[in-house]
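To start, the structure itself, in structure tokens.
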Number of protein chains: 2
Amino acid sequence: MLSTSNDHSMTMLIRKLESIATLSDEERQTILRLPVRTRVLNVGQDIVRDGDKPSQSCLILDGWACRYKMLDGGRRQIMSFHIPGDIPDLQSLHLHTMDHSLATLTKSTIAFIPHESLRELTTRFPGIASVLWRDTLVDGGIFREWMVGMGRKSAFGRIAHLFCEMYLKLEAVGLAGEHRCPWPITQIDFGDALGLSNVHVNRTLQEMRGQGLITLRGCTLVIQAWDELIRASEFDPTYLHLEKRAT
Amino acid sequence: MLSTSNDHSMTMLIRKLESIATLSDEERQTILRLPVRTRVLNVGQDIVRDGDKPSQSCLILDGWACRYKMLDGGRRQIMSFHIPGDIPDLQSLHLHTMDHSLATLTKSTIAFIPHESLRELTTRFPGIASVLWRDTLVDGGIFREWMVGMGRKSAFGRIAHLFCEMYLKLEAVGLAGEHRCPWPITQIDFGDALGLSNVHVNRTLQEMRGQGLITLRGCTLVIQAWDELIRASEFDPTYLHLEKRAT
DNA sequence: CGACATGTTGATCATTGTCAAGTCAAGTGG
DNA sequence: CCACTTGACTTGACAATGATCAACATGTCG
């Protein structure tokens, strides 16, 4: 399925950017005019691969994706989860060789934006350049936070932290509310993201269910005890650098 | 100790930026004219703290620094090590609240550059903006690589990987060569960076010494078996995005 | 010389991984 | 519509990597 640019595609991007920064009318209009090519990808498809030298960046319109890296012996590390509005490989605009891969976690709609267009945009509009730069910096902040988890937190704390993080990110673009959000992630992905085995993820989730903290069934997460989750995971949302939330 | 800007201070920055990108003569001259205020800090001093809203970024002229975050119960996670030429809190240019702290690991000379000057620079010179953006993106790549280590590698692999990474970073700015580099890091810092206890770091280092892979004494690291270290740590330098090395 | 941080060693504990088997739900093809 | 396949989830038994605690050695620097 292919289509050419339209305002609708860019709405999600605007919403995301406005969750972490402020845009002027002119900037908003300029972004809406970006040329894109849209494609629908199935579950578990690579969007770009480690070693590629992409000439475009991708914007997620619908579905979830992740960055990951493979190691010897089939071990995998997922480095981030991405949701609609994210441009997960924006870094390829200035880092020409991919040092990791990017894949869908669900059936997804992806818009591709030529680097050429982005480069022109950032040269002509330093304000937009700042916002996009800021977006990649927030990503960096999330990486740091995950490092804290993997280095110094228990499996329980890490899982709880990820729930809080994804809930807030989804809420910021209007995809979650009332402590309820989509959760299309398998326990294997979960483990690969947090540096845990799927078996241990499973046991820890059961413990969280047992304590009445969450419900997780049929790809929907309900956080029943937000405060307790925050406490147990030492969660502090500062690192997400959210400015406002979508309605 | 205080001094005003001079070319000498900025030489280290130029060298660092030229290790990951190319600068035009004009860009180089412009950077050399940046105003800075220089200070010497002792070991273990905070440069900026979690929660601060800095109005300047710091450039390391001499010594080592690290980003870190404290958790309940005195646990600490170090998220990166920084060497001369690095601007470890460049992200504060666009993320106004610090989500972690920055401290010296050795007695260090630090230059402070006002955000105002950096903002003007990036607006007037999109090329310099790109290089600085690129620098923060390389940082992000390093975070991702550390995540892979903490999530999926053994203590041995993680330590070996860090040796390879720091050696190449130092070599790129002319501070290491012949598989020998300064190593002013305690085993406690080491553990806090890799998510290990200092005791386990100690034992693993002894194992590496026993296998004749490294020598580490008196703050100097000598890598005796580079290839074996690369292999054991699954090290691939792509993520450092180095373009050329200093002479 | 003495204090204090760093490094070293041993003993024991525990979180988490691995392996293996089995259940369950959803989808697919005959 | 049912047998079959497939992927995800669950459970148990056992192993291992690395943590913790405690003591002691070794610097190094004022």
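A note on labels: chains of the structure tokens are A, B, ... as shown, every chain counts residues from 1, and ligands are counted from 1 in their shown order.
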
Contacts of DC24 (chain D) at 12 Å (only C-alpha atoms (C1' of nucleotides); same-chain gap of 3+ positions) as a VMD selection string: chain C and resid 7 to 10

For the selection just defined, write its residues with N, CA, C and O atoms (P, O5', C5', C4', C3', O3' and C1' of nucleotides) to a file, as a PDB file, in the first residue's frame.
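The result, stored in part.pdb:
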ATOM      1  P    DG C   7      41.007   0.956  42.857  1.00  0.00           P
ATOM      2  O5'  DG C   7      41.628  -0.363  43.486  1.00  0.00           O
ATOM      3  C5'  DG C   7      43.036  -0.448  43.654  1.00  0.00           C
ATOM      4  C4'  DG C   7      43.364  -1.706  44.434  1.00  0.00           C
ATOM      5  C3'  DG C   7      42.827  -3.003  43.813  1.00  0.00           C
ATOM      6  O3'  DG C   7      43.919  -3.902  43.715  1.00  0.00           O
ATOM      7  C1'  DG C   7      42.275  -2.891  46.092  1.00  0.00           C
ATOM      8  P    DT C   8      43.775  -5.299  42.943  1.00  0.00           P
ATOM      9  O5'  DT C   8      43.498  -6.342  44.121  1.00  0.00           O
ATOM     10  C5'  DT C   8      44.485  -6.497  45.132  1.00  0.00           C
ATOM     11  C4'  DT C   8      44.037  -7.529  46.136  1.00  0.00           C
ATOM     12  C3'  DT C   8      43.422  -8.811  45.558  1.00  0.00           C
ATOM     13  O3'  DT C   8      44.261  -9.885  45.954  1.00  0.00           O
ATOM     14  C1'  DT C   8      42.157  -8.009  47.404  1.00  0.00           C
ATOM     15  P    DT C   9      44.101 -11.325  45.352  1.00  0.00           P
ATOM     16  O5'  DT C   9      43.231 -12.097  46.451  1.00  0.00           O
ATOM     17  C5'  DT C   9      43.665 -12.080  47.804  1.00  0.00           C
ATOM     18  C4'  DT C   9      42.588 -12.667  48.700  1.00  0.00           C
ATOM     19  C3'  DT C   9      41.803 -13.830  48.113  1.00  0.00           C
ATOM     20  O3'  DT C   9      42.137 -15.016  48.835  1.00  0.00           O
ATOM     21  C1'  DT C   9      40.392 -12.306  49.288  1.00  0.00           C
ATOM     22  P    DG C  10      41.475 -16.421  48.482  1.00  0.00           P
ATOM     23  O5'  DG C  10      40.283 -16.501  49.542  1.00  0.00           O
ATOM     24  C5'  DG C  10      40.539 -16.273  50.921  1.00  0.00           C
ATOM     25  C4'  DG C  10      39.270 -16.496  51.734  1.00  0.00           C
ATOM     26  C3'  DG C  10      38.415 -17.669  51.258  1.00  0.00           C
ATOM     27  O3'  DG C  10      38.020 -18.435  52.396  1.00  0.00           O
ATOM     28  C1'  DG C  10      37.112 -15.690  51.314  1.00  0.00           C
TER      29       DG C  10
END

Distance query region 21-23 of chain A at most 9 Å, only C-alpha atoms (C1' of nucleotides), self and fewer than 4 positions along chain excluded, as a PyMOL selection string: chain A and resi 14+16-17+27-28+127-128+131+134-135+241-244

Please produce a file of the residues just selected, as a tab-separated table (two decimals), in the first residue's frame, where the atoms kept are all heavy atoms.
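Full text of result-v9.tsv as output:
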chain	number	residue	atom	x	y	z
A	14	ILE	N	3.15	16.23	14.53
A	14	ILE	CA	2.92	17.52	15.19
A	14	ILE	C	2.54	17.30	16.66
A	14	ILE	O	3.06	17.95	17.56
A	14	ILE	CB	1.79	18.30	14.49
A	14	ILE	CG1	2.13	18.54	13.02
A	14	ILE	CG2	1.47	19.59	15.23
A	14	ILE	CD1	2.78	19.84	12.71
A	16	LYS	N	3.17	14.78	18.57
A	16	LYS	CA	4.34	14.31	19.32
A	16	LYS	C	5.28	15.48	19.63
A	16	LYS	O	5.68	15.67	20.79
A	16	LYS	CB	5.08	13.25	18.49
A	16	LYS	CG	6.55	13.05	18.83
A	16	LYS	CD	6.75	12.53	20.25
A	16	LYS	CE	8.25	12.44	20.57
A	16	LYS	NZ	8.88	11.25	20.03
A	17	LEU	N	5.61	16.26	18.61
A	17	LEU	CA	6.56	17.36	18.83
A	17	LEU	C	6.01	18.38	19.82
A	17	LEU	O	6.74	18.92	20.64
A	17	LEU	CB	6.93	18.03	17.50
A	17	LEU	CG	7.70	17.14	16.50
A	17	LEU	CD1	7.99	17.89	15.21
A	17	LEU	CD2	8.99	16.61	17.12
A	27	GLU	N	5.90	27.14	11.65
A	27	GLU	CA	6.62	25.87	11.76
A	27	GLU	C	5.66	24.69	11.56
A	27	GLU	O	5.97	23.73	10.86
A	27	GLU	CB	7.31	25.77	13.13
A	27	GLU	CG	8.51	26.72	13.24
A	27	GLU	CD	9.05	26.89	14.65
A	27	GLU	OE1	8.32	26.52	15.63
A	27	GLU	OE2	10.16	27.40	14.80
A	28	ARG	N	4.49	24.81	12.16
A	28	ARG	CA	3.50	23.75	12.04
A	28	ARG	C	3.12	23.54	10.57
A	28	ARG	O	3.09	22.43	10.06
A	28	ARG	CB	2.27	24.09	12.89
A	28	ARG	CG	1.62	22.86	13.49
A	28	ARG	CD	0.49	23.22	14.44
A	28	ARG	NE	0.94	23.93	15.64
A	28	ARG	CZ	0.58	25.17	15.97
A	28	ARG	NH1	-0.26	25.84	15.19
A	28	ARG	NH2	1.05	25.72	17.05
A	127	GLY	N	14.40	26.83	14.31
A	127	GLY	CA	13.49	26.47	15.38
A	127	GLY	C	13.05	25.02	15.27
A	127	GLY	O	12.99	24.29	16.27
A	128	ILE	N	12.76	24.59	14.06
A	128	ILE	CA	12.37	23.19	13.86
A	128	ILE	C	13.57	22.28	14.11
A	128	ILE	O	13.44	21.22	14.72
A	128	ILE	CB	11.80	22.97	12.44
A	128	ILE	CG1	10.51	23.77	12.28
A	128	ILE	CG2	11.54	21.48	12.19
A	128	ILE	CD1	9.85	23.62	10.91
A	131	VAL	N	13.78	21.66	17.71
A	131	VAL	CA	12.77	20.72	18.22
A	131	VAL	C	13.15	19.29	17.88
A	131	VAL	O	13.04	18.39	18.72
A	131	VAL	CB	11.38	21.05	17.65
A	131	VAL	CG1	10.37	20.02	18.12
A	131	VAL	CG2	10.95	22.44	18.07
A	134	ARG	N	16.01	18.34	19.97
A	134	ARG	CA	15.47	18.06	21.30
A	134	ARG	C	14.87	16.66	21.37
A	134	ARG	O	15.06	15.94	22.34
A	134	ARG	CB	14.43	19.12	21.67
A	134	ARG	CG	13.82	18.94	23.06
A	134	ARG	CD	12.90	20.11	23.40
A	134	ARG	NE	11.94	19.74	24.42
A	134	ARG	CZ	12.10	19.95	25.74
A	134	ARG	NH1	13.17	20.54	26.17
A	134	ARG	NH2	11.19	19.58	26.60
A	135	ASP	N	14.16	16.29	20.33
A	135	ASP	CA	13.55	14.96	20.32
A	135	ASP	C	14.61	13.87	20.44
A	135	ASP	O	14.47	12.93	21.22
A	135	ASP	CB	12.72	14.77	19.05
A	135	ASP	CG	12.00	13.42	19.05
A	135	ASP	OD1	11.42	13.08	20.09
A	135	ASP	OD2	12.04	12.72	18.02
A	241	HIS	N	10.95	14.79	29.73
A	241	HIS	CA	10.93	16.20	29.29
A	241	HIS	C	9.64	16.55	28.56
A	241	HIS	O	9.66	17.23	27.54
A	241	HIS	CB	12.16	16.51	28.43
A	241	HIS	CG	13.45	16.32	29.19
A	241	HIS	ND1	13.99	17.28	30.00
A	241	HIS	CD2	14.28	15.25	29.28
A	241	HIS	CE1	15.12	16.82	30.55
A	241	HIS	NE2	15.31	15.60	30.13
A	242	LEU	N	8.53	16.07	29.09
A	242	LEU	CA	7.22	16.37	28.49
A	242	LEU	C	6.82	17.78	28.87
A	242	LEU	O	6.99	18.21	30.01
A	242	LEU	CB	6.17	15.37	28.99
A	242	LEU	CG	6.37	13.94	28.50
A	242	LEU	CD1	5.41	12.99	29.21
A	242	LEU	CD2	6.20	13.85	26.99
A	243	GLU	N	6.28	18.51	27.88
A	243	GLU	CA	5.87	19.89	28.17
A	243	GLU	C	4.37	19.97	28.44
A	243	GLU	O	3.91	20.68	29.29
A	243	GLU	CB	6.25	20.80	27.01
A	243	GLU	CG	7.77	20.91	26.87
A	243	GLU	CD	8.22	22.34	26.70
A	243	GLU	OE1	7.57	23.06	25.92
A	243	GLU	OE2	9.23	22.73	27.33
A	244	LYS	N	3.62	19.26	27.63
A	244	LYS	CA	2.18	19.25	27.88
A	244	LYS	C	1.63	17.94	27.35
A	244	LYS	O	2.30	17.17	26.67
A	244	LYS	CB	1.49	20.42	27.17
A	244	LYS	CG	1.98	20.60	25.74
A	244	LYS	CD	1.52	21.90	25.14
A	244	LYS	CE	2.44	22.34	24.02
A	244	LYS	NZ	2.24	23.68	23.52

All residues 9 Å or closer to Ile142 (chain B), only C-alpha atoms (C1' of nucleotides), same chain fewer than 4 positions away omitted, as an MDAnalysis selection string: chainID B and resid 80 137:138 146:147 165 239:240

All strand (DSSP E or B) positions in region 96-187 of chain B, as a list of chain:residue names: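 Listing strand (DSSP E or B) positions across region 96-187 of chain B yields B:Ser101, B:Leu102, B:Ala103, B:Thr104, B:Ser108, B:Thr109, B:Ile110, B:Ala111, B:Phe112, B:Ile113, B:Pro114, B:Gly177, B:Arg180, B:Cys181, B:Pro182.
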
Resulting file, chosen residues, N, CA, C and O atoms, as a PDB file, in the first residue's frame:
ATOM      1  N   SER B 101      23.314  13.941  37.040  1.00  0.00           N
ATOM      2  CA  SER B 101      24.390  14.819  37.478  1.00  0.00           C
ATOM      3  C   SER B 101      25.643  14.557  36.661  1.00  0.00           C
ATOM      4  O   SER B 101      25.744  13.552  35.952  1.00  0.00           O
ATOM      5  N   LEU B 102      26.571  15.488  36.803  1.00  0.00           N
ATOM      6  CA  LEU B 102      27.835  15.392  36.086  1.00  0.00           C
ATOM      7  C   LEU B 102      28.921  15.716  37.091  1.00  0.00           C
ATOM      8  O   LEU B 102      28.826  16.715  37.810  1.00  0.00           O
ATOM      9  N   ALA B 103      29.932  14.861  37.172  1.00  0.00           N
ATOM     10  CA  ALA B 103      30.985  15.082  38.159  1.00  0.00           C
ATOM     11  C   ALA B 103      32.361  14.746  37.595  1.00  0.00           C
ATOM     12  O   ALA B 103      32.470  13.980  36.640  1.00  0.00           O
ATOM     13  N   THR B 104      33.382  15.309  38.200  1.00  0.00           N
ATOM     14  CA  THR B 104      34.750  14.979  37.791  1.00  0.00           C
ATOM     15  C   THR B 104      35.164  13.644  38.394  1.00  0.00           C
ATOM     16  O   THR B 104      34.743  13.279  39.485  1.00  0.00           O
ATOM     17  N   SER B 108      40.279  18.229  37.241  1.00  0.00           N
ATOM     18  CA  SER B 108      39.992  18.530  35.840  1.00  0.00           C
ATOM     19  C   SER B 108      39.972  20.019  35.559  1.00  0.00           C
ATOM     20  O   SER B 108      39.690  20.827  36.436  1.00  0.00           O
ATOM     21  N   THR B 109      40.254  20.350  34.318  1.00  0.00           N
ATOM     22  CA  THR B 109      40.082  21.720  33.866  1.00  0.00           C
ATOM     23  C   THR B 109      38.864  21.766  32.960  1.00  0.00           C
ATOM     24  O   THR B 109      38.774  21.011  31.990  1.00  0.00           O
ATOM     25  N   ILE B 110      37.931  22.620  33.324  1.00  0.00           N
ATOM     26  CA  ILE B 110      36.656  22.668  32.634  1.00  0.00           C
ATOM     27  C   ILE B 110      36.417  24.066  32.084  1.00  0.00           C
ATOM     28  O   ILE B 110      36.620  25.047  32.791  1.00  0.00           O
ATOM     29  N   ALA B 111      35.994  24.153  30.836  1.00  0.00           N
ATOM     30  CA  ALA B 111      35.616  25.443  30.260  1.00  0.00           C
ATOM     31  C   ALA B 111      34.102  25.520  30.172  1.00  0.00           C
ATOM     32  O   ALA B 111      33.455  24.551  29.788  1.00  0.00           O
ATOM     33  N   PHE B 112      33.541  26.649  30.560  1.00  0.00           N
ATOM     34  CA  PHE B 112      32.095  26.814  30.495  1.00  0.00           C
ATOM     35  C   PHE B 112      31.725  27.732  29.340  1.00  0.00           C
ATOM     36  O   PHE B 112      32.287  28.824  29.209  1.00  0.00           O
ATOM     37  N   ILE B 113      30.788  27.295  28.509  1.00  0.00           N
ATOM     38  CA  ILE B 113      30.361  28.090  27.362  1.00  0.00           C
ATOM     39  C   ILE B 113      28.895  28.460  27.549  1.00  0.00           C
ATOM     40  O   ILE B 113      28.054  27.572  27.704  1.00  0.00           O
ATOM     41  N   PRO B 114      28.558  29.753  27.525  1.00  0.00           N
ATOM     42  CA  PRO B 114      27.161  30.156  27.722  1.00  0.00           C
ATOM     43  C   PRO B 114      26.250  29.571  26.651  1.00  0.00           C
ATOM     44  O   PRO B 114      26.607  29.546  25.475  1.00  0.00           O
ATOM     45  N   GLY B 177      47.680   5.769  22.416  1.00  0.00           N
ATOM     46  CA  GLY B 177      48.323   5.185  21.253  1.00  0.00           C
ATOM     47  C   GLY B 177      49.066   3.935  21.674  1.00  0.00           C
ATOM     48  O   GLY B 177      49.262   3.698  22.879  1.00  0.00           O
ATOM     49  N   ARG B 180      47.951   1.765  24.631  1.00  0.00           N
ATOM     50  CA  ARG B 180      48.230   2.202  25.986  1.00  0.00           C
ATOM     51  C   ARG B 180      47.457   3.491  26.222  1.00  0.00           C
ATOM     52  O   ARG B 180      47.436   4.377  25.371  1.00  0.00           O
ATOM     53  N   CYS B 181      46.780   3.602  27.364  1.00  0.00           N
ATOM     54  CA  CYS B 181      46.059   4.830  27.651  1.00  0.00           C
ATOM     55  C   CYS B 181      45.933   5.073  29.142  1.00  0.00           C
ATOM     56  O   CYS B 181      46.100   4.160  29.938  1.00  0.00           O
ATOM     57  N   PRO B 182      45.670   6.323  29.515  1.00  0.00           N
ATOM     58  CA  PRO B 182      45.449   6.623  30.928  1.00  0.00           C
ATOM     59  C   PRO B 182      44.179   5.926  31.399  1.00  0.00           C
ATOM     60  O   PRO B 182      43.231   5.755  30.625  1.00  0.00           O
TER      61      PRO B 182
END

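The two atoms in question, CA of Asp139 (chain B) and CA of Asp50 (chain A), are spaced 17.4 Å apart.
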
Test item: residues at most 12 Å from DA5 (chain C), only C-alpha atoms (C1' of nucleotides), excluding those fewer than 5 positions along its chain, as a PyMOL selection string: (chain B and resi 186-188) or (chain D and resi 26-29)

Those of region 5-110 of chain A in DSSP alpha helix (DSSP H), formatted as a count of residues only: 22

CA of His200 (chain A) to CA of Leu205 (chain B), straight-line distance in Å: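 That distance, rounded to one decimal, is 29.2 Å.
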
Counting only C-alpha atoms (C1' of nucleotides), which residues of chain B sit at most 9 Å from some atom of chain D, and what is each one's closest atom pair with its distance in Å to one decimal, listed by chain and rising residue number, as a tab-separated table?
residue	atom	partner	partner_atom	distance
B:Ser154	CA	D:DT17	C1'	8.3
B:Ala155	CA	D:DG18	C1'	8.5
B:Leu196	CA	D:DG18	C1'	7.6
B:Ser197	CA	D:DA19	C1'	6.9
B:Val199	CA	D:DA19	C1'	8.8
B:His200	CA	D:DG18	C1'	6.8

Using only C-alpha atoms, which residues of chain B come within 7 Å of chain A, and what is the closest atom pair for each, with the distance in Å to one decimal? Give it as a tab-separated table, sorted by chain and residue number.
residue	atom	partner	partner_atom	distance
B:Arg75	CA	A:Arg152	CA	7.0
B:Gln77	CA	A:Val148	CA	5.6
B:Met79	CA	A:Arg144	CA	6.2
B:Gln91	CA	A:Leu137	CA	6.3
B:His94	CA	A:Arg134	CA	5.5
B:Leu95	CA	A:Arg134	CA	6.7
B:Asp99	CA	A:Tyr239	CA	5.3
B:Thr123	CA	A:Pro126	CA	5.9
B:Pro126	CA	A:Thr123	CA	5.9
B:Trp133	CA	A:Trp133	CA	6.6
B:Arg134	CA	A:His94	CA	5.5
B:Leu137	CA	A:Gln91	CA	6.3
B:Gly140	CA	A:Gly140	CA	5.2
B:Phe143	CA	A:Phe143	CA	6.1
B:Arg144	CA	A:Met79	CA	6.2
B:Met147	CA	A:Met147	CA	5.8
B:Val148	CA	A:Gln77	CA	5.6
B:Met150	CA	A:Met150	CA	6.1
B:Gly151	CA	A:Gly195	CA	3.8
B:Arg152	CA	A:Gly195	CA	6.0
B:Leu194	CA	A:Gly151	CA	6.5
B:Gly195	CA	A:Gly151	CA	3.9
B:Thr238	CA	A:Asp99	CA	6.2
B:Tyr239	CA	A:Asp99	CA	5.3

Atom pair CA of Glu120 (chain A) / CA of Glu26 (chain A): separation (Å):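 Between these atoms lies a distance of 15.3 Å.
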
Exercise answer, chain C residues close to chain A, 9 Å and only C-alpha atoms (C1' of nucleotides), as a ChimeraX atom specification: /C:15-17

Output for the residues just chosen: N, CA, C and O atoms (P, O5', C5', C4', C3', O3' and C1' of nucleotides) as a short mmCIF file (atom, residue, chain, number, x, y, z; two decimals), in the first residue's frame:
data_model
loop_
_atom_site.label_atom_id
_atom_site.label_comp_id
_atom_site.auth_asym_id
_atom_site.auth_seq_id
_atom_site.Cartn_x
_atom_site.Cartn_y
_atom_site.Cartn_z
P DT C 15 16.60 -12.32 46.30
"O5'" DT C 15 16.68 -11.46 44.94
"C5'" DT C 15 17.90 -10.81 44.63
"C4'" DT C 15 18.32 -11.10 43.20
"C3'" DT C 15 17.20 -11.10 42.17
"O3'" DT C 15 17.58 -10.22 41.14
"C1'" DT C 15 18.52 -13.05 41.93
P DT C 16 16.55 -9.84 40.00
"O5'" DT C 16 16.88 -10.90 38.86
"C5'" DT C 16 18.21 -10.94 38.32
"C4'" DT C 16 18.41 -12.21 37.55
"C3'" DT C 16 17.34 -12.53 36.49
"O3'" DT C 16 17.96 -12.43 35.23
"C1'" DT C 16 18.04 -14.47 37.67
P DG C 17 17.39 -13.10 33.93
"O5'" DG C 17 18.24 -14.45 33.83
"C5'" DG C 17 19.67 -14.36 33.71
"C4'" DG C 17 20.23 -15.71 33.28
"C3'" DG C 17 19.65 -16.27 31.99
"O3'" DG C 17 20.68 -16.89 31.23
"C1'" DG C 17 19.15 -17.75 33.79
#

Near-Ala232 (chain B) list (9 Å; only C-alpha atoms (C1' of nucleotides); drop same-chain fewer than 5 positions) as a list in words: Phe156, Gly157, Ala160, His161 and Asp227 of chain B

Expected file contents, prior selection, C-alpha atoms, as an mmCIF file, in the first residue's frame:
data_model
loop_
_atom_site.group_PDB
_atom_site.id
_atom_site.type_symbol
_atom_site.label_atom_id
_atom_site.label_comp_id
_atom_site.auth_asym_id
_atom_site.auth_seq_id
_atom_site.Cartn_x
_atom_site.Cartn_y
_atom_site.Cartn_z
ATOM 1 C CA PHE B 156 33.999 -9.989 31.400
ATOM 2 C CA GLY B 157 32.534 -8.853 28.087
ATOM 3 C CA ALA B 160 36.567 -5.639 27.856
ATOM 4 C CA HIS B 161 34.130 -3.589 25.792
ATOM 5 C CA ASP B 227 42.090 -8.748 18.985
#

Polymer residues at most 8 Å from Ile83 (chain B), only C-alpha atoms (C1' of nucleotides), same-chain spacing of 4 or more positions, as a VMD selection string: chain B and resid 60 62 to 65 170

Keeping only all heavy atoms, write the selected residues as a PDB file, in the first residue's frame.
ATOM      1  N   ILE B  60      35.279  19.770  28.567  1.00  0.00           N
ATOM      2  CA  ILE B  60      36.390  19.251  29.355  1.00  0.00           C
ATOM      3  C   ILE B  60      37.696  19.543  28.610  1.00  0.00           C
ATOM      4  O   ILE B  60      37.866  19.132  27.466  1.00  0.00           O
ATOM      5  CB  ILE B  60      36.243  17.742  29.592  1.00  0.00           C
ATOM      6  CG1 ILE B  60      34.912  17.469  30.290  1.00  0.00           C
ATOM      7  CG2 ILE B  60      37.414  17.207  30.416  1.00  0.00           C
ATOM      8  CD1 ILE B  60      34.652  16.008  30.542  1.00  0.00           C
ATOM      9  N   ASP B  62      40.788  19.155  30.383  1.00  0.00           N
ATOM     10  CA  ASP B  62      41.748  18.209  30.923  1.00  0.00           C
ATOM     11  C   ASP B  62      41.067  17.413  32.025  1.00  0.00           C
ATOM     12  O   ASP B  62      40.282  17.961  32.794  1.00  0.00           O
ATOM     13  CB  ASP B  62      42.962  18.963  31.496  1.00  0.00           C
ATOM     14  CG  ASP B  62      44.056  17.998  31.901  1.00  0.00           C
ATOM     15  OD1 ASP B  62      44.455  17.166  31.060  1.00  0.00           O
ATOM     16  OD2 ASP B  62      44.485  18.058  33.079  1.00  0.00           O
ATOM     17  N   GLY B  63      41.371  16.131  32.123  1.00  0.00           N
ATOM     18  CA  GLY B  63      40.784  15.275  33.145  1.00  0.00           C
ATOM     19  C   GLY B  63      39.612  14.452  32.612  1.00  0.00           C
ATOM     20  O   GLY B  63      39.261  14.556  31.450  1.00  0.00           O
ATOM     21  N   TRP B  64      39.033  13.653  33.503  1.00  0.00           N
ATOM     22  CA  TRP B  64      37.903  12.806  33.137  1.00  0.00           C
ATOM     23  C   TRP B  64      36.685  13.196  33.974  1.00  0.00           C
ATOM     24  O   TRP B  64      36.822  13.621  35.120  1.00  0.00           O
ATOM     25  CB  TRP B  64      38.206  11.326  33.399  1.00  0.00           C
ATOM     26  CG  TRP B  64      39.146  10.679  32.435  1.00  0.00           C
ATOM     27  CD1 TRP B  64      40.266  11.230  31.882  1.00  0.00           C
ATOM     28  CD2 TRP B  64      39.074   9.333  31.941  1.00  0.00           C
ATOM     29  NE1 TRP B  64      40.882  10.307  31.069  1.00  0.00           N
ATOM     30  CE2 TRP B  64      40.179   9.144  31.087  1.00  0.00           C
ATOM     31  CE3 TRP B  64      38.175   8.271  32.131  1.00  0.00           C
ATOM     32  CZ2 TRP B  64      40.413   7.940  30.418  1.00  0.00           C
ATOM     33  CZ3 TRP B  64      38.405   7.064  31.478  1.00  0.00           C
ATOM     34  CH2 TRP B  64      39.512   6.904  30.628  1.00  0.00           C
ATOM     35  N   ALA B  65      35.503  13.011  33.389  1.00  0.00           N
ATOM     36  CA  ALA B  65      34.265  13.260  34.127  1.00  0.00           C
ATOM     37  C   ALA B  65      33.281  12.131  33.838  1.00  0.00           C
ATOM     38  O   ALA B  65      33.516  11.290  32.971  1.00  0.00           O
ATOM     39  CB  ALA B  65      33.671  14.601  33.720  1.00  0.00           C
ATOM     40  N   LEU B 170      39.933   7.902  23.258  1.00  0.00           N
ATOM     41  CA  LEU B 170      41.136   8.649  23.641  1.00  0.00           C
ATOM     42  C   LEU B 170      42.078   8.789  22.454  1.00  0.00           C
ATOM     43  O   LEU B 170      42.628   9.857  22.193  1.00  0.00           O
ATOM     44  CB  LEU B 170      41.841   7.928  24.797  1.00  0.00           C
ATOM     45  CG  LEU B 170      41.148   8.037  26.149  1.00  0.00           C
ATOM     46  CD1 LEU B 170      41.638   6.959  27.102  1.00  0.00           C
ATOM     47  CD2 LEU B 170      41.374   9.424  26.760  1.00  0.00           C
TER      48      LEU B 170
END
